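Okay, input-v8.tsv now, which holds TSV, C-alpha atoms:
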```tsv
chain	number	residue	atom	x	y	z
A	1407	MET	CA	70.58	72.00	101.55
A	1408	GLU	CA	73.70	70.26	100.32
A	1409	ILE	CA	71.73	67.14	99.36
A	1410	VAL	CA	69.23	69.20	97.34
A	1411	LEU	CA	72.09	70.81	95.40
A	1412	ARG	CA	73.84	67.47	94.88
A	1413	ILE	CA	70.66	65.89	93.50
A	1414	ALA	CA	69.92	68.87	91.24
A	1415	LEU	CA	73.47	68.83	89.88
A	1416	LEU	CA	73.59	65.09	89.25
A	1417	TYR	CA	70.08	65.09	87.77
A	1418	GLY	CA	71.10	67.78	85.27
A	1419	LEU	CA	74.34	65.98	84.50
A	1420	LEU	CA	72.64	62.63	83.90
A	1421	ILE	CA	69.89	64.17	81.74
A	1422	LEU	CA	72.52	65.85	79.57
A	1423	GLY	CA	74.65	62.69	79.59
A	1424	PHE	CA	71.82	60.47	78.37
A	1425	ARG	CA	70.83	63.12	75.85
A	1426	MET	CA	74.36	63.08	74.45
A	1427	LEU	CA	74.53	59.27	74.45
A	1428	GLY	CA	71.92	59.19	71.73
A	1429	LYS	CA	68.47	57.78	71.26
A	1430	ARG	CA	69.35	54.19	70.55
A	1431	GLU	CA	71.02	53.76	73.90
A	1432	LEU	CA	67.75	54.57	75.61
A	1433	SER	CA	65.72	51.82	73.99
A	1434	GLN	CA	68.23	49.04	73.50
A	1435	LEU	CA	70.86	48.32	76.05
A	1436	SER	CA	73.85	46.28	75.06
A	1437	PRO	CA	75.64	44.41	77.88
A	1438	PHE	CA	78.26	47.16	77.91
A	1439	GLU	CA	75.62	49.89	78.25
A	1440	LEU	CA	73.76	47.94	80.92
A	1441	VAL	CA	76.97	47.61	82.93
A	1442	THR	CA	77.61	51.34	82.47
A	1443	LEU	CA	74.14	52.20	83.76
A	1444	LEU	CA	74.47	49.90	86.76
A	1445	LEU	CA	77.86	51.37	87.60
A	1446	ILE	CA	76.56	54.91	87.24
A	1447	ALA	CA	73.88	54.09	89.83
A	1448	GLU	CA	76.51	52.70	92.18
A	1449	ILE	CA	78.83	55.67	91.71
A	1450	VAL	CA	76.17	58.35	91.93
A	1451	SER	CA	74.25	56.91	94.89
A	1452	PRO	CA	76.72	57.81	97.69
A	1453	ALA	CA	77.41	61.18	96.08
A	1454	LEU	CA	73.72	62.05	96.26
A	1455	THR	CA	73.35	61.76	100.01
A	1456	ALA	CA	77.00	62.09	101.07
A	1457	GLY	CA	76.68	58.82	102.98
A	1458	GLU	CA	73.75	60.02	105.05
A	1459	HIS	CA	71.14	57.39	105.91
A	1460	SER	CA	68.48	59.45	107.68
A	1461	LEU	CA	64.83	59.15	106.69
A	1462	THR	CA	64.56	62.96	106.55
A	1463	ALA	CA	67.31	63.17	103.93
A	1464	GLY	CA	65.60	60.39	101.98
A	1465	VAL	CA	62.27	62.23	102.04
A	1466	PHE	CA	63.53	65.60	100.86
A	1467	GLY	CA	65.93	63.91	98.43
A	1468	ALA	CA	63.07	62.01	96.79
A	1469	ALA	CA	60.92	65.17	96.80
A	1470	THR	CA	63.73	67.06	95.06
A	1471	LEU	CA	63.94	64.40	92.37
A	1472	LEU	CA	60.17	64.40	91.83
A	1473	LEU	CA	60.12	68.19	91.62
A	1474	LEU	CA	62.95	68.20	89.07
A	1475	THR	CA	61.08	65.63	86.97
A	1476	PHE	CA	57.95	67.79	87.10
A	1477	LEU	CA	59.91	70.96	86.21
A	1478	ASN	CA	61.56	69.11	83.33
A	1479	SER	CA	58.16	68.17	81.90
A	1480	VAL	CA	56.76	71.71	82.37
A	1481	LEU	CA	59.79	73.41	80.80
A	1482	SER	CA	59.92	70.90	77.93
A	1483	TYR	CA	56.26	71.60	77.18
A	1484	ARG	CA	56.49	75.36	77.54
A	1485	PHE	CA	59.83	76.04	75.85
A	1486	GLU	CA	60.77	74.35	72.61
A	1487	GLY	CA	64.42	75.25	73.11
A	1488	PHE	CA	64.49	73.47	76.45
A	1489	GLN	CA	62.86	70.41	74.93
A	1490	ARG	CA	65.48	70.29	72.20
A	1491	VAL	CA	68.19	70.23	74.85
A	1492	ALA	CA	66.46	67.70	77.09
A	1493	GLU	CA	65.12	65.37	74.43
A	1494	ALA	CA	66.33	64.49	70.94
A	1495	PRO	CA	63.87	65.22	68.12
A	1496	PRO	CA	62.77	62.31	65.90
A	1497	SER	CA	65.02	61.61	62.93
A	1498	VAL	CA	64.11	60.37	59.49
A	1499	LEU	CA	65.74	56.98	58.94
A	1500	ILE	CA	64.07	55.72	55.75
A	1501	VAL	CA	62.61	57.64	52.83
A	1502	ARG	CA	60.72	55.65	50.20
A	1503	GLY	CA	62.52	52.41	50.80
A	1504	ARG	CA	66.00	53.92	51.12
A	1505	PHE	CA	68.12	54.54	54.14
A	1506	VAL	CA	69.05	58.08	55.13
A	1507	GLU	CA	72.68	57.21	55.69
A	1508	ASP	CA	73.45	60.31	57.70
A	1509	THR	CA	70.89	59.21	60.33
A	1510	LEU	CA	72.30	55.67	60.38
A	1511	HIS	CA	75.76	57.06	61.11
A	1512	LYS	CA	74.69	59.69	63.62
A	1513	ASP	CA	72.46	57.35	65.62
A	1514	ARG	CA	74.79	54.39	65.17
A	1515	ILE	CA	72.17	52.02	63.78
A	1516	ARG	CA	73.30	49.09	61.65
A	1517	PRO	CA	71.12	48.10	58.66
A	1518	ASP	CA	70.66	44.59	60.09
A	1519	GLU	CA	69.17	46.16	63.24
A	1520	VAL	CA	66.66	47.97	61.05
A	1521	ARG	CA	65.90	44.74	59.22
A	1522	SER	CA	65.21	43.03	62.52
A	1523	GLU	CA	62.89	45.87	63.57
A	1524	LEU	CA	61.11	45.66	60.21
A	1525	HIS	CA	60.45	41.98	60.78
A	1526	LYS	CA	59.12	42.68	64.26
A	1527	SER	CA	56.69	45.13	62.63
A	1528	GLY	CA	55.50	42.49	60.21
A	1529	LEU	CA	57.29	43.99	57.22
A	1530	ARG	CA	59.30	41.92	54.77
A	1531	SER	CA	61.59	44.47	53.19
A	1532	LEU	CA	62.73	48.06	53.20
A	1533	GLU	CA	60.85	48.70	49.95
A	1534	GLU	CA	57.53	48.42	51.80
A	1535	VAL	CA	58.43	51.44	53.97
A	1536	GLU	CA	57.66	54.96	52.75
A	1537	TRP	CA	58.91	56.70	55.88
A	1538	GLY	CA	60.91	55.33	58.77
A	1539	PHE	CA	61.75	57.24	61.92
A	1540	ILE	CA	63.84	56.89	64.99
A	1541	GLU	CA	61.67	58.39	67.71
A	1542	PRO	CA	62.92	60.44	70.72
A	1543	ASP	CA	62.72	57.33	72.93
A	1544	GLY	CA	64.91	55.39	70.47
A	1545	LYS	CA	62.16	53.21	69.04
A	1546	LEU	CA	61.87	52.70	65.30
A	1547	THR	CA	58.55	53.38	63.62
A	1548	PHE	CA	57.67	52.75	59.98
A	1549	LEU	CA	54.97	54.17	57.73
A	1550	THR	CA	54.12	51.94	54.80
A	1551	TYR	CA	52.74	53.18	51.48
A	1552	ASP	CA	49.18	52.39	52.55
A	1553	ARG	CA	49.81	54.70	55.56
A	1554	ARG	CA	49.52	51.80	57.98
A	1555	PRO	CA	51.72	52.87	60.90
A	1556	THR	CA	53.93	50.19	62.35
A	1557	ASP	CA	55.90	50.27	65.54
A	1558	ALA	CA	58.66	47.80	66.20
A	1559	SER	CA	57.69	47.78	69.87
A	1560	ASP	CA	54.28	46.29	69.00
A	1561	ASP	CA	56.17	43.05	68.49
A	1562	LYS	CA	53.69	41.59	66.04
A	1563	GLY	CA	56.10	38.85	65.22
A	1564	ALA	CA	58.70	38.43	62.58
A	1565	LEU	CA	58.47	36.33	59.50
B	850	MET	CA	57.49	63.68	54.63
B	851	PRO	CA	54.24	62.84	56.44
B	852	SER	CA	52.14	65.86	57.24
B	853	ASP	CA	52.96	67.49	60.54
B	854	VAL	CA	50.49	67.88	63.39
B	855	PRO	CA	48.80	71.29	63.75
B	856	ARG	CA	50.73	73.67	65.98
B	857	VAL	CA	49.14	74.53	69.31
B	858	ALA	CA	50.65	77.29	71.41
B	859	PRO	CA	51.72	75.72	74.71
B	860	ARG	CA	49.68	76.93	77.65
B	861	LEU	CA	50.32	75.60	81.10
B	862	HIS	CA	47.26	74.27	82.88
B	863	PHE	CA	47.47	72.09	85.95
B	864	ARG	CA	44.87	69.82	87.48
B	865	LYS	CA	43.75	70.59	91.03
B	866	LEU	CA	45.40	67.46	92.46
B	867	GLU	CA	48.59	68.28	90.58
B	868	GLN	CA	48.66	71.80	91.99
B	869	ILE	CA	48.32	70.50	95.55
B	870	GLY	CA	50.79	67.66	95.01
B	871	VAL	CA	53.48	69.85	93.48
B	872	ALA	CA	53.06	72.47	96.20
B	873	VAL	CA	53.47	69.80	98.90
B	874	ILE	CA	56.43	68.16	97.18
B	875	ALA	CA	58.10	71.53	96.53
B	876	CYS	CA	57.90	72.32	100.26
B	877	PHE	CA	60.47	69.66	101.14
B	878	PRO	CA	63.42	70.88	99.02
B	879	LEU	CA	62.54	74.50	99.78
B	880	LEU	CA	62.51	73.83	103.52
B	881	ALA	CA	65.76	71.89	103.16
B	882	VAL	CA	67.37	74.80	101.32
B	883	VAL	CA	66.44	77.23	104.12
B	884	GLY	CA	67.83	74.77	106.66
B	885	ALA	CA	64.58	73.63	108.27
B	886	PHE	CA	65.85	70.05	108.44
B	887	GLY	CA	69.17	71.09	109.94
B	888	PRO	CA	71.88	70.69	110.72
B	889	ASN	CA	72.28	73.92	112.61
B	890	THR	CA	74.14	75.00	115.70
B	891	ALA	CA	73.18	77.00	118.74
B	892	GLU	CA	75.75	79.07	120.59
B	893	THR	CA	75.33	79.73	124.29
B	894	ARG	CA	77.50	81.87	126.54
B	895	ALA	CA	77.72	81.94	130.31
B	896	ARG	CA	80.15	83.53	132.72
B	897	THR	CA	81.12	83.89	136.33
B	898	ALA	CA	83.42	86.49	137.85
B	899	SER	CA	86.54	84.77	136.50
B	900	LEU	CA	85.43	82.17	133.96
B	901	GLU	CA	83.62	82.43	130.68
B	902	VAL	CA	82.31	79.54	128.64
B	903	GLU	CA	80.92	79.50	125.13
B	904	VAL	CA	79.20	76.32	123.95
B	905	ALA	CA	78.44	75.59	120.32
B	906	ALA	CA	76.17	72.55	120.12
B	907	PRO	CA	73.79	71.23	117.48
B	908	ARG	CA	70.27	72.61	117.82
B	909	LEU	CA	68.81	70.49	115.04
B	910	THR	CA	70.43	67.53	113.36
B	911	ARG	CA	69.57	64.22	111.75
B	912	VAL	CA	70.22	60.59	112.62
B	913	SER	CA	73.64	59.39	111.38
B	914	LEU	CA	74.81	62.92	110.64
B	915	GLU	CA	78.10	63.95	112.22
B	916	ALA	CA	77.50	66.56	114.93
B	917	GLU	CA	79.98	68.53	116.97
B	918	LEU	CA	79.91	70.10	120.40
B	919	VAL	CA	82.63	72.59	121.22
B	920	ALA	CA	82.97	74.28	124.59
B	921	THR	CA	85.46	77.12	124.81
B	922	ILE	CA	86.54	78.14	128.30
B	923	ARG	CA	88.39	81.36	129.05
B	924	ASN	CA	89.99	82.60	132.24
B	925	ARG	CA	88.83	86.22	132.58
B	926	ASP	CA	90.72	86.73	135.81
B	927	THR	CA	94.14	88.26	136.32
B	928	THR	CA	95.31	85.27	138.32
B	929	PRO	CA	95.71	81.62	137.25
B	930	LYS	CA	92.58	79.53	137.62
B	931	GLY	CA	92.27	75.84	137.93
B	932	PRO	CA	92.03	73.06	137.55
B	933	VAL	CA	88.65	73.35	135.79
B	934	SER	CA	86.38	70.34	135.55
B	935	VAL	CA	83.92	70.12	132.69
B	936	ALA	CA	81.22	67.48	132.56
B	937	LEU	CA	78.47	66.63	130.11
B	938	THR	CA	75.17	65.04	131.14
B	939	PRO	CA	75.54	61.37	130.13
B	940	THR	CA	71.95	61.16	128.82
B	941	TYR	CA	72.77	63.84	126.25
B	942	LEU	CA	75.28	61.61	124.50
B	943	ASP	CA	74.24	58.09	125.48
B	944	ASP	CA	72.37	57.29	122.26
B	945	ALA	CA	75.14	58.50	120.00
B	946	GLU	CA	78.18	57.01	118.38
B	947	LYS	CA	81.16	59.01	119.66
B	948	SER	CA	83.97	59.47	117.21
B	949	LEU	CA	86.10	62.04	119.01
B	950	LEU	CA	86.45	63.34	122.55
B	951	LEU	CA	89.14	65.95	123.12
B	952	PRO	CA	90.93	66.17	125.48
B	953	GLN	CA	90.89	62.59	126.74
B	954	PRO	CA	88.05	62.42	129.31
B	955	LEU	CA	88.79	61.32	132.87
B	956	THR	CA	85.56	59.38	133.14
B	957	PRO	CA	82.90	59.16	130.40
B	958	TYR	CA	81.97	62.75	129.50
B	959	ALA	CA	84.03	64.37	132.31
B	960	PHE	CA	87.12	66.38	131.45
B	961	LEU	CA	89.70	68.04	133.62
B	962	LEU	CA	91.50	71.10	132.31
B	963	PRO	CA	94.77	71.95	134.06
B	964	GLU	CA	95.43	75.44	135.41
B	965	LEU	CA	94.31	78.23	133.12
B	966	GLN	CA	96.58	81.25	132.91
B	967	PRO	CA	95.00	84.75	132.86
B	968	GLY	CA	93.29	85.25	129.49
B	969	GLU	CA	94.05	81.66	128.41
B	970	VAL	CA	91.48	79.85	126.32
B	971	ARG	CA	91.00	76.06	126.25
B	972	SER	CA	88.34	74.04	124.56
B	973	ILE	CA	86.80	70.62	124.65
B	974	ARG	CA	85.44	69.01	121.54
B	975	VAL	CA	83.04	66.11	121.14
B	976	GLU	CA	82.13	64.70	117.75
B	977	PHE	CA	79.20	62.32	117.66
B	978	LYS	CA	76.59	60.76	115.42
B	979	PRO	CA	73.11	60.41	116.95
B	980	ASP	CA	71.80	56.87	116.54
B	981	ARG	CA	68.20	57.58	117.45
B	982	TRP	CA	65.77	60.36	116.69
B	983	GLY	CA	64.12	62.44	119.40
B	984	VAL	CA	64.99	65.31	121.71
B	985	ARG	CA	68.30	65.13	123.59
B	986	SER	CA	68.44	67.33	126.66
B	987	GLY	CA	71.18	67.78	129.17
B	988	GLY	CA	73.78	70.25	130.21
B	989	LEU	CA	77.42	71.11	130.39
B	990	MET	CA	78.71	71.71	133.92
B	991	LEU	CA	81.84	73.69	134.54
B	992	GLU	CA	83.37	73.82	138.00
B	993	SER	CA	86.45	75.46	139.45
B	994	GLY	CA	86.81	76.02	143.15
B	995	ASP	CA	83.60	77.61	144.30
B	996	GLU	CA	82.57	78.77	140.85
B	997	ARG	CA	80.04	76.76	138.90
B	998	ILE	CA	78.41	77.28	135.52
B	999	VAL	CA	75.68	75.12	133.99
B	1000	VAL	CA	74.91	75.54	130.31
B	1001	PRO	CA	71.70	73.80	129.23
B	1002	LEU	CA	71.89	71.73	126.04
B	1003	LYS	CA	69.00	70.71	123.83
B	1004	THR	CA	69.28	69.00	120.47
B	1005	VAL	CA	66.44	67.83	118.26
B	1006	VAL	CA	67.40	64.78	116.21
B	1007	LEU	CA	65.23	64.18	113.15
B	1008	PRO	CA	64.70	60.57	111.99
```
With the file now loaded, output its structure as structure tokens.
Amino acid sequence: MEIVLRIALLYGLLILGFRMLGKRELSQLSPFELVTLLLIAEIVSPALTAGEHSLTAGVFGAATLLLLTFLNSVLSYRFEGFQRVAEAPPSVLIVRGRFVEDTLHKDRIRPDEVRSELHKSGLRSLEEVEWGFIEPDGKLTFLTYDRRPTDASDDKGAL
Amino acid sequence: MPSDVPRVAPRLHFRKLEQIGVAVIACFPLLAVVGAFGPNTAETRARTASLEVEVAAPRLTRVSLEAELVATIRNRDTTPKGPVSVALTPTYLDDAEKSLLLPQPLTPYAFLLPELQPGEVRSIRVEFKPDRWGVRSGGLMLESGDERIVVPLKTVVLP
């Protein structure tokens, strides 16, 4: 029982922690963030099972984690309020070729990062973008004036 | 702002396989919460005309989990009793890592308690970690003069 409670508690804590970290941290990991994530895994791992190595604990521990993931998806779908807590909504980053500075500051995105993402999407300049978004998973997507959607993750190649 | 998608009221609908899978997965944490995977302890009492013994031993435990066996012996007589020898079946503890045996055993798993005064209570304590899964059976034998008590022990060790 203790392991189930430990997993549930740490799962909730990590979900909230990553939610508070911001969207960018989810898609692009700097060396510092990568080290933080690796250390979190090392720190959290013994706390999850309290040093127990039995197969039984592993089985119901994994089942607990899977069940929490399923419940998270069900609750996010069913309740908008829950989804807002668990997952950040998309933010408008560019409107008609201009940055929404508030979004840049809140999501800690530098203009040169956006430029790099524009190039990856096959776009030359900010003026080509009618709408730009930072999606819940941290990826940047751009809508050009001809409504051709572009996604930086498509990696179509820069100039 | 690009036009939003039409709103659809969320309605939960699960596929057959999903229903079965979630039910199976949910069983594990639920069973763990109600203690079906242990650890739990069984208490057994036995007595003769002048001695009484109460044994608390694990009924269900898991590999690598710390378990404890405590035998409490009481002199019910109005005269001193002793010495009292207490012995555990070696097979019960052979496949376990022993971390504590109190008091110091005379030979492996055999203890000798000096004279017990009327009403006096003494206990022996064994802390161990089972190394292998399976059923451990044995007994605790208590002997003083012509009096003899055997308390059966049975512990299921999950993998």
Using only C-alpha atoms, determine which residues of chain B fall within 12 Å of chain A; present them as a ChimeraX atom specification. /B:850-852,857-863,867-868,870-889,910-915,978-982,1006-1008
Output file for the residues above (C-alpha atoms, as a compact mmCIF listing (two decimals), in the frame of the given file):
```
# COMPACT_ATOMS: atom_id res chain seq x y z
CA MET B 850 57.49 63.68 54.63
CA PRO B 851 54.24 62.84 56.44
CA SER B 852 52.14 65.86 57.24
CA VAL B 857 49.14 74.53 69.31
CA ALA B 858 50.65 77.29 71.41
CA PRO B 859 51.72 75.72 74.71
CA ARG B 860 49.68 76.93 77.65
CA LEU B 861 50.32 75.60 81.10
CA HIS B 862 47.26 74.27 82.88
CA PHE B 863 47.47 72.09 85.95
CA GLU B 867 48.59 68.28 90.58
CA GLN B 868 48.66 71.80 91.99
CA GLY B 870 50.79 67.66 95.01
CA VAL B 871 53.48 69.85 93.48
CA ALA B 872 53.06 72.47 96.20
CA VAL B 873 53.47 69.80 98.90
CA ILE B 874 56.43 68.16 97.18
CA ALA B 875 58.10 71.53 96.53
CA CYS B 876 57.90 72.32 100.26
CA PHE B 877 60.47 69.66 101.14
CA PRO B 878 63.42 70.88 99.02
CA LEU B 879 62.54 74.50 99.78
CA LEU B 880 62.51 73.83 103.52
CA ALA B 881 65.76 71.89 103.16
CA VAL B 882 67.37 74.80 101.32
CA VAL B 883 66.44 77.23 104.12
CA GLY B 884 67.83 74.77 106.66
CA ALA B 885 64.58 73.63 108.27
CA PHE B 886 65.85 70.05 108.44
CA GLY B 887 69.17 71.09 109.94
CA PRO B 888 71.88 70.69 110.72
CA ASN B 889 72.28 73.92 112.61
CA THR B 910 70.43 67.53 113.36
CA ARG B 911 69.57 64.22 111.75
CA VAL B 912 70.22 60.59 112.62
CA SER B 913 73.64 59.39 111.38
CA LEU B 914 74.81 62.92 110.64
CA GLU B 915 78.10 63.95 112.22
CA LYS B 978 76.59 60.76 115.42
CA PRO B 979 73.11 60.41 116.95
CA ASP B 980 71.80 56.87 116.54
CA ARG B 981 68.20 57.58 117.45
CA TRP B 982 65.77 60.36 116.69
CA VAL B 1006 67.40 64.78 116.21
CA LEU B 1007 65.23 64.18 113.15
CA PRO B 1008 64.70 60.57 111.99
```
Gly987 (chain B): which residues within 6 Å, counting all atoms listed in the file, same-chain residues fewer than 2 positions away excluded, as a PyMOL selection string? chain B and resi 938+941+1002
For Leu1420 (chain A), which residue out of A:Ala1447, A:Val1506, A:Leu1524, A:Val1535 is the nearest one, using only C-alpha atoms?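 Going through A:Ala1447, A:Val1506, A:Leu1524, A:Val1535 one by one, the smallest distance to Leu1420 (chain A) is for A:Ala1447.
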CA of Tyr958 (chain B) to CA of Leu942 (chain B), straight-line distance in Å: 8.4 Å
Enclose all atoms of region 1457-1469 of chain A listed in the file in an axis-aligned box, grow every side by 8 Å, and hand back centre and edge lengths in Å to one decimal, as AutoDock Vina command-line options.
```
--center_x 68.8 --center_y 61.5 --center_z 102.2 --size_x 31.8 --size_y 24.2 --size_z 26.9
```
For each of B:Arg894, B:Arg925, B:Lys930, B:Arg864, take the minimum atom-to-atom distance to Glu964 (chain B), counting only C-alpha atoms, then give the residue where this is smallest.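 Smallest separation from Glu964 (chain B) among the options: B:Lys930.
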Counting all atoms listed in the file, which residues come within 8 Å of (81.1, 60.6, 120.5), with the point read in the file's coordinates, and could you list them as a PDB file with C-alpha atoms, in the frame of the given file?
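Saved to selection28.pdb:
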```
ATOM      1  CA  LEU B 942      75.280  61.610 124.500  1.00  0.00           C
ATOM      2  CA  ALA B 945      75.140  58.500 120.000  1.00  0.00           C
ATOM      3  CA  GLU B 946      78.180  57.010 118.380  1.00  0.00           C
ATOM      4  CA  LYS B 947      81.160  59.010 119.660  1.00  0.00           C
ATOM      5  CA  SER B 948      83.970  59.470 117.210  1.00  0.00           C
ATOM      6  CA  LEU B 949      86.100  62.040 119.010  1.00  0.00           C
ATOM      7  CA  LEU B 950      86.450  63.340 122.550  1.00  0.00           C
ATOM      8  CA  VAL B 975      83.040  66.110 121.140  1.00  0.00           C
ATOM      9  CA  GLU B 976      82.130  64.700 117.750  1.00  0.00           C
ATOM     10  CA  PHE B 977      79.200  62.320 117.660  1.00  0.00           C
ATOM     11  CA  LYS B 978      76.590  60.760 115.420  1.00  0.00           C
TER      12      LYS B 978
END
```
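The interatomic distance for the pair CA of Gly1487 (chain A) and CA of Leu1415 (chain A) works out to 20.1 Å.
Nearest-residue note for Ile1413 (chain A): choosing from A:Leu1443, A:Pro1452, A:Ile1500, A:Ser1482, the minimum distance belongs to A:Pro1452, counting all atoms listed in the file.
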Neighbours of Arg971 (chain B) within 9 Å (only C-alpha atoms; same-chain residues fewer than 4 positions away dropped), as a list in words?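 Selected residues are Ala920, Thr921, Ile922, Arg923, Asn924, Leu962 and Leu965 of chain B.
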